[in-house]
file protein_39.tsv (TSV, C-alpha atoms (C1' of nucleotides))
chain	number	residue	atom	x	y	z
A	1	MET	CA	62.93	-0.83	-56.03
A	2	GLY	CA	60.30	-0.61	-53.31
A	3	GLU	CA	60.90	1.27	-50.18
A	4	ALA	CA	62.82	-0.15	-47.32
A	5	GLY	CA	59.70	-1.88	-46.08
A	6	GLN	CA	61.17	-5.22	-45.28
A	7	GLU	CA	60.87	-6.34	-41.73
A	8	ASN	CA	58.12	-3.98	-40.66
A	9	GLN	CA	55.87	-5.08	-43.45
A	10	ASN	CA	53.33	-6.36	-40.97
A	11	LEU	CA	53.54	-3.08	-39.11
A	12	GLU	CA	52.88	-1.18	-42.30
A	13	ARG	CA	49.96	-3.44	-42.88
A	14	ASN	CA	48.63	-2.71	-39.43
A	15	ILE	CA	48.77	0.99	-40.05
A	16	ALA	CA	47.07	0.54	-43.38
A	17	ASP	CA	44.35	-1.56	-41.80
A	18	LEU	CA	43.95	0.98	-39.08
A	19	CYS	CA	43.39	3.79	-41.52
A	20	ARG	CA	41.00	1.77	-43.62
A	21	GLU	CA	39.06	0.77	-40.54
A	22	PHE	CA	38.53	4.37	-39.54
A	23	GLY	CA	38.04	5.71	-43.04
A	24	LEU	CA	41.26	7.67	-42.90
A	25	ARG	CA	43.63	8.18	-45.74
A	26	LEU	CA	46.96	6.47	-45.59
A	27	THR	CA	49.14	9.48	-46.21
A	28	GLY	CA	52.88	9.89	-46.07
A	29	PRO	CA	52.89	11.98	-42.89
A	30	ARG	CA	50.48	9.64	-41.19
A	31	ARG	CA	52.50	6.62	-42.11
A	32	ILE	CA	55.60	8.17	-40.61
A	33	ILE	CA	53.90	9.52	-37.52
A	34	MET	CA	52.29	6.19	-36.76
A	35	GLN	CA	55.55	4.48	-37.46
A	36	VAL	CA	57.32	6.66	-34.94
A	37	LEU	CA	54.56	6.10	-32.44
A	38	SER	CA	54.76	2.35	-32.57
A	39	ASP	CA	58.53	2.52	-32.35
A	40	SER	CA	58.29	4.64	-29.20
A	41	SER	CA	58.09	2.68	-26.00
A	42	ASP	CA	58.41	5.79	-23.88
A	43	HIS	CA	55.83	8.54	-23.43
A	44	PRO	CA	56.88	11.35	-25.75
A	45	ASP	CA	55.22	14.74	-25.90
A	46	VAL	CA	54.12	16.26	-29.18
A	47	VAL	CA	57.25	18.31	-29.70
A	48	GLU	CA	59.43	15.27	-29.12
A	49	LEU	CA	57.29	13.29	-31.54
A	50	HIS	CA	57.70	16.05	-34.07
A	51	ARG	CA	61.45	15.91	-33.56
A	52	ARG	CA	61.49	12.20	-34.25
A	53	VAL	CA	59.16	12.53	-37.22
A	54	THR	CA	61.10	15.33	-38.88
A	55	ALA	CA	64.27	13.30	-38.48
A	56	ILE	CA	62.68	10.98	-41.03
A	57	GLU	CA	60.79	13.52	-43.13
A	58	PRO	CA	61.69	17.14	-42.37
A	59	THR	CA	58.70	18.69	-44.11
A	60	ILE	CA	56.08	17.35	-41.72
A	61	SER	CA	54.62	20.17	-39.67
A	62	LEU	CA	53.98	20.36	-35.97
A	63	ALA	CA	50.31	21.00	-36.63
A	64	THR	CA	50.00	17.70	-38.44
A	65	VAL	CA	51.52	15.85	-35.53
A	66	TYR	CA	49.00	17.53	-33.24
A	67	ARG	CA	46.15	16.63	-35.54
A	68	THR	CA	47.24	13.05	-36.00
A	69	VAL	CA	47.75	12.49	-32.35
A	70	ASN	CA	44.30	13.88	-31.56
A	71	LEU	CA	42.76	11.77	-34.26
A	72	LEU	CA	44.34	8.64	-32.91
A	73	ARG	CA	43.28	9.49	-29.43
A	74	GLU	CA	39.69	9.93	-30.54
A	75	LYS	CA	39.88	6.56	-32.21
A	76	GLY	CA	41.23	5.02	-29.05
A	77	VAL	CA	44.60	4.17	-30.54
A	78	LEU	CA	46.52	6.49	-28.26
A	79	GLU	CA	46.25	7.52	-24.67
A	80	ARG	CA	47.09	10.98	-23.46
A	81	HIS	CA	48.74	11.71	-20.15
A	82	THR	CA	49.85	14.87	-18.42
A	83	PHE	CA	52.47	14.16	-15.83
A	84	GLY	CA	52.91	17.22	-13.66
A	85	ASP	CA	54.24	19.53	-16.32
A	86	GLY	CA	51.74	21.14	-18.60
A	87	ARG	CA	52.37	19.27	-21.81
A	88	ALA	CA	50.58	16.18	-22.98
A	89	ARG	CA	52.42	12.94	-23.50
A	90	TYR	CA	51.23	9.96	-25.48
A	91	GLU	CA	51.46	6.22	-25.53
A	92	THR	CA	49.78	3.64	-27.72
A	93	THR	CA	46.78	2.30	-25.87
A	94	PRO	CA	47.86	-0.76	-23.97
A	95	ARG	CA	45.62	-3.82	-24.06
A	96	GLU	CA	45.66	-3.82	-20.27
A	97	HIS	CA	45.13	-0.65	-18.33
A	98	HIS	CA	48.03	0.45	-16.22
A	99	ASP	CA	49.12	3.37	-14.06
A	100	HIS	CA	52.47	5.12	-13.83
A	101	LEU	CA	55.43	5.44	-11.53
A	102	ILE	CA	57.38	8.54	-12.43
A	103	ASP	CA	60.99	8.78	-11.33
A	104	VAL	CA	61.35	12.43	-10.39
A	105	GLU	CA	65.12	12.28	-10.77
A	106	THR	CA	65.30	10.93	-14.29
A	107	GLY	CA	61.80	11.63	-15.57
A	108	GLY	CA	61.55	7.96	-16.47
A	109	VAL	CA	58.15	6.31	-16.46
A	110	ILE	CA	57.44	2.82	-15.22
A	111	GLU	CA	54.10	1.16	-15.77
A	112	PHE	CA	52.31	-0.90	-13.20
A	113	HIS	CA	48.92	-2.35	-12.56
A	114	SER	CA	47.18	-3.18	-9.34
A	115	GLU	CA	43.90	-5.00	-9.54
A	116	GLU	CA	43.49	-4.37	-5.86
A	117	ILE	CA	43.75	-0.60	-6.19
A	118	GLU	CA	41.34	-0.68	-9.10
A	119	ARG	CA	38.86	-2.55	-7.02
A	120	LEU	CA	39.19	-0.13	-4.12
A	121	GLN	CA	38.57	2.75	-6.46
A	122	GLU	CA	35.36	1.19	-7.72
A	123	GLU	CA	34.29	0.71	-4.18
A	124	ILE	CA	34.99	4.30	-3.22
A	125	ALA	CA	33.16	5.67	-6.24
A	126	ARG	CA	30.15	3.47	-5.60
A	127	LYS	CA	30.11	4.43	-1.96
A	128	HIS	CA	29.79	8.07	-3.03
A	129	GLY	CA	27.07	7.29	-5.55
A	130	PHE	CA	29.14	7.42	-8.72
A	131	THR	CA	30.46	5.19	-11.43
A	132	ILE	CA	33.98	5.58	-12.68
A	133	VAL	CA	34.46	7.17	-16.07
A	134	SER	CA	38.23	7.05	-15.95
A	135	HIS	CA	40.96	7.56	-13.48
A	136	ARG	CA	44.54	8.54	-13.14
A	137	LEU	CA	47.05	7.37	-10.64
A	138	GLU	CA	50.56	8.68	-10.75
A	139	ILE	CA	53.16	7.93	-8.14
A	140	TYR	CA	56.15	10.24	-8.13
A	141	VAL	CA	59.11	8.39	-6.75
A	142	ARG	CA	62.81	8.53	-6.05
A	143	PRO	CA	65.17	5.56	-6.16
A	144	LEU	CA	65.89	3.93	-2.84
A	145	LYS	CA	69.49	4.83	-2.19
A	146	ARG	CA	71.54	2.30	-0.39
A	147	SER	CA	74.45	3.49	1.79
A	148	ARG	CA	76.66	5.69	-0.41
A	149	THR	CA	76.30	6.72	-4.02
B	1	MET	CA	39.12	54.07	8.89
B	2	GLY	CA	40.01	50.62	10.19
B	3	GLU	CA	39.30	47.58	8.10
B	4	ALA	CA	36.60	45.09	8.90
B	5	GLY	CA	39.05	42.87	10.76
B	6	GLN	CA	36.86	41.68	13.56
B	7	GLU	CA	36.22	37.99	13.86
B	8	ASN	CA	39.11	36.76	11.77
B	9	GLN	CA	41.69	38.44	13.93
B	10	ASN	CA	43.39	35.16	14.64
B	11	LEU	CA	43.44	34.41	10.95
B	12	GLU	CA	45.07	37.75	10.30
B	13	ARG	CA	47.61	36.87	12.89
B	14	ASN	CA	48.28	33.56	11.21
B	15	ILE	CA	48.87	35.27	7.92
B	16	ALA	CA	51.23	37.73	9.56
B	17	ASP	CA	53.14	34.90	11.20
B	18	LEU	CA	53.29	33.08	7.94
B	19	CYS	CA	54.85	36.02	6.16
B	20	ARG	CA	57.31	36.66	8.92
B	21	GLU	CA	58.27	33.04	8.96
B	22	PHE	CA	59.11	33.07	5.28
B	23	GLY	CA	60.64	36.53	5.21
B	24	LEU	CA	57.84	37.90	3.08
B	25	ARG	CA	56.31	41.30	3.37
B	26	LEU	CA	52.82	41.49	4.69
B	27	THR	CA	51.26	43.52	1.94
B	28	GLY	CA	47.68	44.47	1.28
B	29	PRO	CA	47.22	42.23	-1.74
B	30	ARG	CA	48.79	39.30	0.05
B	31	ARG	CA	46.61	39.76	3.05
B	32	ILE	CA	43.49	39.69	0.89
B	33	ILE	CA	44.58	36.82	-1.31
B	34	MET	CA	45.44	34.67	1.69
B	35	GLN	CA	42.21	35.67	3.28
B	36	VAL	CA	40.25	34.51	0.25
B	37	LEU	CA	42.24	31.32	0.12
B	38	SER	CA	41.51	30.33	3.66
B	39	ASP	CA	37.86	31.17	3.18
B	40	SER	CA	37.67	28.90	0.13
B	41	SER	CA	36.78	25.32	0.82
B	42	ASP	CA	36.48	24.41	-2.85
B	43	HIS	CA	39.27	24.13	-5.41
B	44	PRO	CA	39.25	27.43	-7.30
B	45	ASP	CA	41.42	28.19	-10.29
B	46	VAL	CA	43.48	31.36	-10.47
B	47	VAL	CA	40.93	33.33	-12.43
B	48	GLU	CA	38.22	32.42	-9.95
B	49	LEU	CA	40.52	33.41	-7.09
B	50	HIS	CA	41.16	36.69	-8.82
B	51	ARG	CA	37.43	37.20	-9.14
B	52	ARG	CA	36.95	36.69	-5.43
B	53	VAL	CA	39.90	38.87	-4.57
B	54	THR	CA	38.85	41.77	-6.75
B	55	ALA	CA	35.40	41.63	-5.21
B	56	ILE	CA	37.16	42.83	-2.06
B	57	GLU	CA	39.84	45.01	-3.59
B	58	PRO	CA	39.37	45.68	-7.31
B	59	THR	CA	42.89	46.95	-7.97
B	60	ILE	CA	44.66	43.66	-7.36
B	61	SER	CA	46.03	42.27	-10.57
B	62	LEU	CA	45.85	38.78	-11.94
B	63	ALA	CA	49.64	38.59	-12.07
B	64	THR	CA	49.81	39.16	-8.35
B	65	VAL	CA	47.41	36.34	-7.70
B	66	TYR	CA	49.56	34.08	-9.85
B	67	ARG	CA	52.68	35.16	-8.04
B	68	THR	CA	51.18	34.75	-4.61
B	69	VAL	CA	49.74	31.39	-5.38
B	70	ASN	CA	53.11	30.17	-6.68
B	71	LEU	CA	54.85	31.54	-3.65
B	72	LEU	CA	52.49	29.78	-1.30
B	73	ARG	CA	52.84	26.58	-3.22
B	74	GLU	CA	56.62	26.74	-2.95
B	75	LYS	CA	56.28	27.29	0.76
B	76	GLY	CA	53.99	24.30	1.03
B	77	VAL	CA	50.95	26.31	2.04
B	78	LEU	CA	48.98	25.48	-1.08
B	79	GLU	CA	48.59	22.46	-3.27
B	80	ARG	CA	48.11	22.67	-6.98
B	81	HIS	CA	45.96	20.30	-8.98
B	82	THR	CA	45.14	20.01	-12.64
B	83	PHE	CA	41.94	18.15	-13.17
B	84	GLY	CA	41.69	17.38	-16.85
B	85	ASP	CA	41.06	20.89	-18.14
B	86	GLY	CA	44.06	23.09	-18.79
B	87	ARG	CA	43.94	25.36	-15.78
B	88	ALA	CA	45.45	24.80	-12.37
B	89	ARG	CA	43.29	24.70	-9.26
B	90	TYR	CA	44.40	25.26	-5.70
B	91	GLU	CA	43.56	24.21	-2.20
B	92	THR	CA	45.22	24.97	1.10
B	93	THR	CA	47.43	22.03	2.00
B	94	PRO	CA	45.30	19.75	4.13
B	95	ARG	CA	46.79	18.33	7.33
B	96	GLU	CA	45.71	14.91	6.13
B	97	HIS	CA	46.44	13.91	2.59
B	98	HIS	CA	43.46	13.11	0.44
B	99	ASP	CA	42.67	12.30	-3.17
B	100	HIS	CA	39.90	13.51	-5.44
B	101	LEU	CA	36.75	12.32	-7.09
B	102	ILE	CA	35.83	14.60	-9.96
B	103	ASP	CA	32.27	14.61	-11.21
B	104	VAL	CA	32.71	14.98	-14.96
B	105	GLU	CA	29.17	16.28	-15.34
B	106	THR	CA	29.31	19.12	-12.88
B	107	GLY	CA	33.06	19.63	-12.42
B	108	GLY	CA	32.50	19.23	-8.70
B	109	VAL	CA	35.30	17.82	-6.58
B	110	ILE	CA	34.87	15.43	-3.68
B	111	GLU	CA	37.73	14.56	-1.39
B	112	PHE	CA	38.40	11.09	-0.12
B	113	HIS	CA	41.12	9.16	1.58
B	114	SER	CA	41.89	5.49	1.51
B	115	GLU	CA	44.54	4.22	3.84
B	116	GLU	CA	44.40	0.95	2.02
B	117	ILE	CA	45.22	2.48	-1.35
B	118	GLU	CA	48.03	4.47	0.21
B	119	ARG	CA	49.48	1.33	1.63
B	120	LEU	CA	49.28	-0.49	-1.68
B	121	GLN	CA	51.06	2.37	-3.36
B	122	GLU	CA	53.90	2.21	-0.87
B	123	GLU	CA	54.15	-1.46	-1.50
B	124	ILE	CA	54.27	-1.04	-5.26
B	125	ALA	CA	56.91	1.67	-5.08
B	126	ARG	CA	59.07	-0.37	-2.76
B	127	LYS	CA	58.71	-3.42	-4.95
B	128	HIS	CA	60.17	-1.39	-7.82
B	129	GLY	CA	63.00	-0.01	-5.70
B	130	PHE	CA	61.62	3.46	-5.06
B	131	THR	CA	60.28	5.59	-2.28
B	132	ILE	CA	57.26	7.77	-2.84
B	133	VAL	CA	57.84	11.48	-3.16
B	134	SER	CA	54.22	12.31	-3.80
B	135	HIS	CA	51.35	10.90	-5.70
B	136	ARG	CA	48.15	11.85	-7.35
B	137	LEU	CA	44.98	9.85	-7.66
B	138	GLU	CA	42.03	11.31	-9.47
B	139	ILE	CA	38.90	9.36	-10.19
B	140	TYR	CA	36.67	10.87	-12.82
B	141	VAL	CA	33.12	9.83	-12.17
B	142	ARG	CA	29.53	10.20	-13.22
B	143	PRO	CA	26.54	10.00	-10.88
B	144	LEU	CA	24.86	6.63	-10.67
B	145	LYS	CA	21.49	7.16	-12.24
B	146	ARG	CA	18.72	5.10	-10.79
B	147	SER	CA	15.80	4.15	-13.04
B	148	ARG	CA	14.03	7.44	-13.74
B	149	THR	CA	14.78	10.89	-12.44
C	1	DA	C1'	46.64	5.87	-66.56
C	2	DT	C1'	43.88	9.97	-65.64
C	3	DC	C1'	40.38	12.63	-63.42
C	4	DT	C1'	38.12	14.21	-59.49
C	5	DC	C1'	37.42	15.83	-55.00
C	6	DA	C1'	36.89	15.07	-50.09
C	7	DG	C1'	40.22	14.58	-46.89
C	8	DA	C1'	44.97	15.96	-45.37
C	9	DT	C1'	48.80	19.13	-45.00
C	10	DG	C1'	51.71	23.38	-44.10
C	11	DC	C1'	51.75	27.74	-42.73
C	12	DG	C1'	50.58	31.46	-40.15
C	13	DT	C1'	47.61	33.03	-36.65
C	14	DC	C1'	44.76	32.87	-32.63
C	15	DG	C1'	43.32	31.77	-27.80
C	16	DC	C1'	44.10	30.53	-23.38
C	17	DA	C1'	46.78	30.07	-19.15
C	18	DT	C1'	50.78	31.55	-17.18
C	19	DT	C1'	55.17	34.15	-16.74
C	20	DC	C1'	58.26	38.11	-17.25
C	21	DG	C1'	60.34	42.89	-17.42
C	22	DC	C1'	60.19	47.16	-15.73
C	23	DA	C1'	58.95	51.38	-13.56
C	24	DA	C1'	56.12	52.93	-9.86
C	25	DA	C1'	54.28	51.97	-5.10
C	26	DA	C1'	54.64	50.11	-0.67
C	27	DA	C1'	56.92	47.57	3.35
C	28	DA	C1'	60.52	47.20	6.57
C	29	DC	C1'	64.00	49.53	8.90
C	30	DA	C1'	67.35	53.07	10.43
D	1	DT	C1'	61.41	60.90	7.60
D	2	DG	C1'	64.78	58.92	4.34
D	3	DT	C1'	66.69	54.72	2.57
D	4	DT	C1'	66.53	50.14	0.93
D	5	DT	C1'	64.45	46.12	-0.85
D	6	DT	C1'	60.42	43.71	-1.95
D	7	DT	C1'	55.90	43.83	-4.32
D	8	DT	C1'	52.74	45.34	-7.42
D	9	DG	C1'	50.34	46.57	-11.87
D	10	DC	C1'	50.62	46.78	-16.38
D	11	DG	C1'	51.43	45.15	-20.65
D	12	DA	C1'	54.09	42.31	-23.44
D	13	DA	C1'	55.97	37.68	-24.07
D	14	DT	C1'	55.85	32.68	-23.77
D	15	DG	C1'	54.30	27.96	-24.49
D	16	DC	C1'	51.00	24.62	-25.72
D	17	DG	C1'	47.56	23.56	-28.54
D	18	DA	C1'	43.82	24.57	-31.99
D	19	DC	C1'	42.11	26.73	-36.23
D	20	DG	C1'	41.31	28.83	-41.06
D	21	DC	C1'	42.57	28.66	-45.43
D	22	DA	C1'	44.84	27.81	-49.70
D	23	DT	C1'	47.23	24.03	-51.58
D	24	DC	C1'	48.15	19.31	-52.25
D	25	DT	C1'	47.17	14.36	-52.56
D	26	DG	C1'	45.31	9.57	-51.96
D	27	DA	C1'	42.22	6.49	-53.87
D	28	DG	C1'	38.02	5.31	-56.15
D	29	DA	C1'	35.58	6.26	-60.62
D	30	DT	C1'	36.26	6.78	-65.56
call {"tool": "encode", "arguments": {"input": "protein_39.tsv", "output": "C-alpha cells"}}
result
Amino acid sequence: MGEAGQENQNLERNIADLCREFGLRLTGPRRIIMQVLSDSSDHPDVVELHRRVTAIEPTISLATVYRTVNLLREKGVLERHTFGDGRARYETTPREHHDHLIDVETGGVIEFHSEEIERLQEEIARKHGFTIVSHRLEIYVRPLKRSRT
Amino acid sequence: MGEAGQENQNLERNIADLCREFGLRLTGPRRIIMQVLSDSSDHPDVVELHRRVTAIEPTISLATVYRTVNLLREKGVLERHTFGDGRARYETTPREHHDHLIDVETGGVIEFHSEEIERLQEEIARKHGFTIVSHRLEIYVRPLKRSRT
DNA sequence: ATCTCAGATGCGTCGCATTCGCAAAAAACA
DNA sequence: TGTTTTTTGCGAATGCGACGCATCTGAGAT
C-alpha cells in the first residue's frame, strides 16, 4: 500500500516537522528535494541537485530546486558556498561550523575546524574595530605525493 | 602630440617589459588598462575598471578589459577575488600575501596578514596529507558600534 | 469527502556578469 | 612600405540565477 517509506520514516517526519515549523507546505517536490539534500554528503550545486531530483521525479523543474534551496538557506537549513567557480554549492547546515579543504585535483571537499584559527580571526576583526558577521576559509590543496606515482 | 607620459615613465617601462616578457603586444588599450590597474589601490570590479579606463580613452571596450584582466591573471600579475556579490574584483598581485576583511555595511575591503593563521593552515593541510596550492580567507565584518553615535 | 484558496510549481523569460566569433584595426617585423 | 599575426570592438551567445504568471495542489474549514 503506502509508499516505500520504511526506514527513512523518521527522516520523512523530520522534513514534515521542518515544513510545519516554518509554515511551509509539505509538497511532493519539496519532499523529494529535501530527501535528496539529506542523502547528499557532498556539496552539490543546483544543477547537480536537479539531476538527482529528476532521477526520482522527472517533472520537477530547475526553478523549483532554486527556490527550495533559497528557502532553506533563508531558514538556516542549508549553507551556500562558492568554491572558486561561479556556481553555488550547498550543504545542510552542520551543527558545528567548519571550513573547507578543496582538493584541486579531484574537486573533493574535506571539512575541518580549527578553534585556534577562529579565535585569531576574532582577534583580528576586533583589532580593526569590527565584529565578525561571517567568514569563509578555503584551502586549495594537492595531495602530498610520495616518491613515484 | 606626445602623450602625458611624464612622471610615470618608469611605470610605462615596466608595462613594456611585462608585455615583452610574455610575448604580448604593447597596445594602446593595454597600456591604459595596466596604467589604471597600477594606479588602483582598491579592489575594483571589471565594470569599475572599464569606467576608469574609458575616462582616459572612451573607445576601449568592456570586452577588452575582460580579456586583459584575464590575461594578466593567467600571467600572475593580477589576483581575482569574489567577495560575496556575483562580480569579480581584482588587485595587482601583492609581493606579500594577505587576506581580506570585508565591511558588509560599506563594501570596503581591508587587507590583513596573519603569519599565525598561515602556519595553522599549513599544519591542517599537512595533517590531512595535502600541500597548500592557495587559499582564501575572507572575514565579513560590521563596525563595532560604541554606545551612541 | 469536498470546497476553498494561499502557497507552490512549471514554464518561459529576463538580468547580470562574462565569454565568444568575426571582421576591421593595429603591432611587430621584414 | 608590405606582410603577418595579434588585438580590438561590436554584438551576439552563454551560464547562473531570479521572476511573472497561469495553473495546480496541500491542508484546514465545511
call {"tool": "interface_residues", "arguments": {"input": "protein_39.tsv", "of": "chain A", "to": "chain D", "cutoff": "8 Å", "atoms": "only C-alpha atoms (C1' of nucleotides)", "output": "ChimeraX atom specification"}}
result
/A:25-27,66,86-87
call {"tool": "interface_residues", "arguments": {"input": "protein_39.tsv", "of": "chain B", "to": "chain A", "cutoff": "12 Å", "atoms": "only C-alpha atoms", "output": "ChimeraX atom specification"}}
result
/B:80-88,99-105,109-146
call {"tool": "interface_residues", "arguments": {"input": "protein_39.tsv", "of": "chain C", "to": "chain A", "cutoff": "9 Å", "atoms": "all atoms listed in the file", "output": "list in words"}}
result
DG7, DA8, DT9, DG10 and DC11 of chain C
call {"tool": "atom_distance", "arguments": {"input": "protein_39.tsv", "atom1": "atom CA of A:Glu91", "atom2": "atom CA of A:Leu37"}}
result
7.6 Å
call {"tool": "calpha_fit_and_write", "arguments": {"input": "protein_39.tsv", "fixed": "chain B", "moving": "chain A", "output": "CSV table (one decimal) with C-alpha atoms, keeping the file's coordinate frame"}}
result
chain,number,residue,atom,x,y,z
A,1,MET,CA,37.9,53.3,13.0
A,2,GLY,CA,39.8,50.2,12.3
A,3,GLU,CA,39.0,48.0,9.4
A,4,ALA,CA,36.2,45.5,9.5
A,5,GLY,CA,38.6,43.0,11.1
A,6,GLN,CA,36.3,41.7,13.8
A,7,GLU,CA,35.6,38.1,13.7
A,8,ASN,CA,38.5,37.0,11.5
A,9,GLN,CA,41.0,38.7,13.7
A,10,ASN,CA,42.6,35.3,14.4
A,11,LEU,CA,42.7,34.6,10.7
A,12,GLU,CA,44.4,37.9,10.1
A,13,ARG,CA,46.8,37.0,12.8
A,14,ASN,CA,47.5,33.7,11.1
A,15,ILE,CA,48.3,35.4,7.8
A,16,ALA,CA,50.5,37.8,9.6
A,17,ASP,CA,52.3,35.0,11.4
A,18,LEU,CA,52.7,33.2,8.1
A,19,CYS,CA,54.3,36.1,6.4
A,20,ARG,CA,56.6,36.7,9.3
A,21,GLU,CA,57.6,33.1,9.5
A,22,PHE,CA,58.6,33.1,5.8
A,23,GLY,CA,60.2,36.6,5.8
A,24,LEU,CA,57.5,37.9,3.5
A,25,ARG,CA,55.9,41.3,3.7
A,26,LEU,CA,52.4,41.5,4.8
A,27,THR,CA,51.0,43.6,1.9
A,28,GLY,CA,47.5,44.6,1.0
A,29,PRO,CA,47.3,42.3,-2.0
A,30,ARG,CA,48.7,39.4,-0.1
A,31,ARG,CA,46.4,39.9,2.8
A,32,ILE,CA,43.4,39.8,0.4
A,33,ILE,CA,44.6,36.9,-1.6
A,34,MET,CA,45.3,34.8,1.4
A,35,GLN,CA,42.0,35.8,2.8
A,36,VAL,CA,40.2,34.6,-0.3
A,37,LEU,CA,42.2,31.4,-0.2
A,38,SER,CA,41.2,30.5,3.3
A,39,ASP,CA,37.6,31.4,2.6
A,40,SER,CA,37.6,29.1,-0.4
A,41,SER,CA,36.7,25.5,0.4
A,42,ASP,CA,36.6,24.5,-3.3
A,43,HIS,CA,39.5,24.2,-5.7
A,44,PRO,CA,39.6,27.5,-7.7
A,45,ASP,CA,42.0,28.1,-10.6
A,46,VAL,CA,44.0,31.3,-10.7
A,47,VAL,CA,41.6,33.2,-12.9
A,48,GLU,CA,38.7,32.4,-10.5
A,49,LEU,CA,40.9,33.4,-7.6
A,50,HIS,CA,41.6,36.7,-9.4
A,51,ARG,CA,37.9,37.2,-9.9
A,52,ARG,CA,37.2,36.8,-6.2
A,53,VAL,CA,40.2,38.9,-5.2
A,54,THR,CA,39.3,41.8,-7.5
A,55,ALA,CA,35.7,41.7,-6.2
A,56,ILE,CA,37.3,42.9,-3.0
A,57,GLU,CA,40.1,45.1,-4.4
A,58,PRO,CA,39.8,45.7,-8.1
A,59,THR,CA,43.4,46.9,-8.6
A,60,ILE,CA,45.1,43.6,-7.8
A,61,SER,CA,46.6,42.2,-11.0
A,62,LEU,CA,46.5,38.7,-12.3
A,63,ALA,CA,50.3,38.4,-12.2
A,64,THR,CA,50.3,39.1,-8.5
A,65,VAL,CA,47.8,36.3,-7.9
A,66,TYR,CA,50.1,34.0,-9.9
A,67,ARG,CA,53.1,35.0,-7.9
A,68,THR,CA,51.4,34.7,-4.6
A,69,VAL,CA,50.0,31.4,-5.3
A,70,ASN,CA,53.4,30.1,-6.5
A,71,LEU,CA,55.0,31.5,-3.4
A,72,LEU,CA,52.6,29.8,-1.1
A,73,ARG,CA,53.0,26.6,-2.9
A,74,GLU,CA,56.8,26.8,-2.5
A,75,LYS,CA,56.2,27.4,1.2
A,76,GLY,CA,53.9,24.4,1.4
A,77,VAL,CA,50.9,26.4,2.2
A,78,LEU,CA,49.0,25.5,-0.9
A,79,GLU,CA,48.7,22.5,-3.1
A,80,ARG,CA,48.4,22.6,-6.8
A,81,HIS,CA,46.2,20.2,-8.8
A,82,THR,CA,45.5,19.8,-12.5
A,83,PHE,CA,42.3,18.0,-13.0
A,84,GLY,CA,42.0,17.0,-16.7
A,85,ASP,CA,41.8,20.5,-18.1
A,86,GLY,CA,45.0,22.3,-18.5
A,87,ARG,CA,44.7,24.9,-15.8
A,88,ALA,CA,46.0,24.6,-12.3
A,89,ARG,CA,43.7,24.6,-9.3
A,90,TYR,CA,44.7,25.3,-5.7
A,91,GLU,CA,43.7,24.3,-2.2
A,92,THR,CA,45.2,25.1,1.1
A,93,THR,CA,47.4,22.2,2.1
A,94,PRO,CA,45.3,19.9,4.2
A,95,ARG,CA,46.8,18.4,7.4
A,96,GLU,CA,46.0,15.0,6.1
A,97,HIS,CA,46.7,14.0,2.6
A,98,HIS,CA,43.7,13.1,0.5
A,99,ASP,CA,42.8,12.3,-3.1
A,100,HIS,CA,39.9,13.5,-5.2
A,101,LEU,CA,36.7,12.3,-6.7
A,102,ILE,CA,35.7,14.6,-9.5
A,103,ASP,CA,32.0,14.6,-10.6
A,104,VAL,CA,32.3,14.9,-14.4
A,105,GLU,CA,28.7,16.2,-14.6
A,106,THR,CA,29.0,19.1,-12.2
A,107,GLY,CA,32.8,19.5,-12.0
A,108,GLY,CA,32.5,19.2,-8.2
A,109,VAL,CA,35.3,17.8,-6.2
A,110,ILE,CA,35.0,15.5,-3.3
A,111,GLU,CA,38.0,14.6,-1.1
A,112,PHE,CA,38.7,11.1,0.2
A,113,HIS,CA,41.5,9.2,1.8
A,114,SER,CA,42.3,5.5,1.7
A,115,GLU,CA,45.1,4.3,3.9
A,116,GLU,CA,44.8,1.0,2.1
A,117,ILE,CA,45.4,2.5,-1.3
A,118,GLU,CA,48.3,4.5,0.0
A,119,ARG,CA,49.8,1.3,1.4
A,120,LEU,CA,49.4,-0.5,-1.9
A,121,GLN,CA,51.1,2.3,-3.7
A,122,GLU,CA,54.1,2.1,-1.4
A,123,GLU,CA,54.3,-1.6,-2.0
A,124,ILE,CA,54.1,-1.2,-5.8
A,125,ALA,CA,56.8,1.5,-5.8
A,126,ARG,CA,59.1,-0.6,-3.6
A,127,LYS,CA,58.6,-3.7,-5.7
A,128,HIS,CA,59.8,-1.7,-8.7
A,129,GLY,CA,62.8,-0.4,-6.7
A,130,PHE,CA,61.6,3.1,-6.1
A,131,THR,CA,60.4,5.3,-3.3
A,132,ILE,CA,57.4,7.6,-3.7
A,133,VAL,CA,58.0,11.3,-4.1
A,134,SER,CA,54.4,12.1,-4.5
A,135,HIS,CA,51.4,10.8,-6.2
A,136,ARG,CA,48.1,11.7,-7.6
A,137,LEU,CA,44.9,9.8,-7.7
A,138,GLU,CA,41.8,11.2,-9.3
A,139,ILE,CA,38.6,9.3,-9.9
A,140,TYR,CA,36.3,10.8,-12.4
A,141,VAL,CA,32.8,9.8,-11.5
A,142,ARG,CA,29.1,10.2,-12.4
A,143,PRO,CA,26.3,10.1,-9.9
A,144,LEU,CA,24.5,6.7,-9.5
A,145,LYS,CA,21.1,7.4,-11.1
A,146,ARG,CA,18.3,5.5,-9.6
A,147,SER,CA,15.3,4.7,-11.8
A,148,ARG,CA,14.1,7.9,-13.4
A,149,THR,CA,15.4,11.5,-13.1
call {"tool": "atom_distance", "arguments": {"input": "protein_39.tsv", "atom1": "atom CA of A:Gln35", "atom2": "atom CA of A:Ile15"}}
result
8.1 Å
call {"tool": "atom_distance", "arguments": {"input": "protein_39.tsv", "atom1": "atom CA of B:Ile33", "atom2": "atom CA of B:Leu49"}}
result
7.8 Å
call {"tool": "residues_around", "arguments": {"input": "protein_39.tsv", "residues": "stretch 70-75 of chain A", "least_positions_apart": "6", "cutoff": "10 Å", "atoms": "all atoms listed in the file", "output": "list in words"}}
result
Leu18, Cys19, Phe22, Leu24, Met34, Thr64, Tyr90, Glu91, Thr92 and Thr93 of chain A
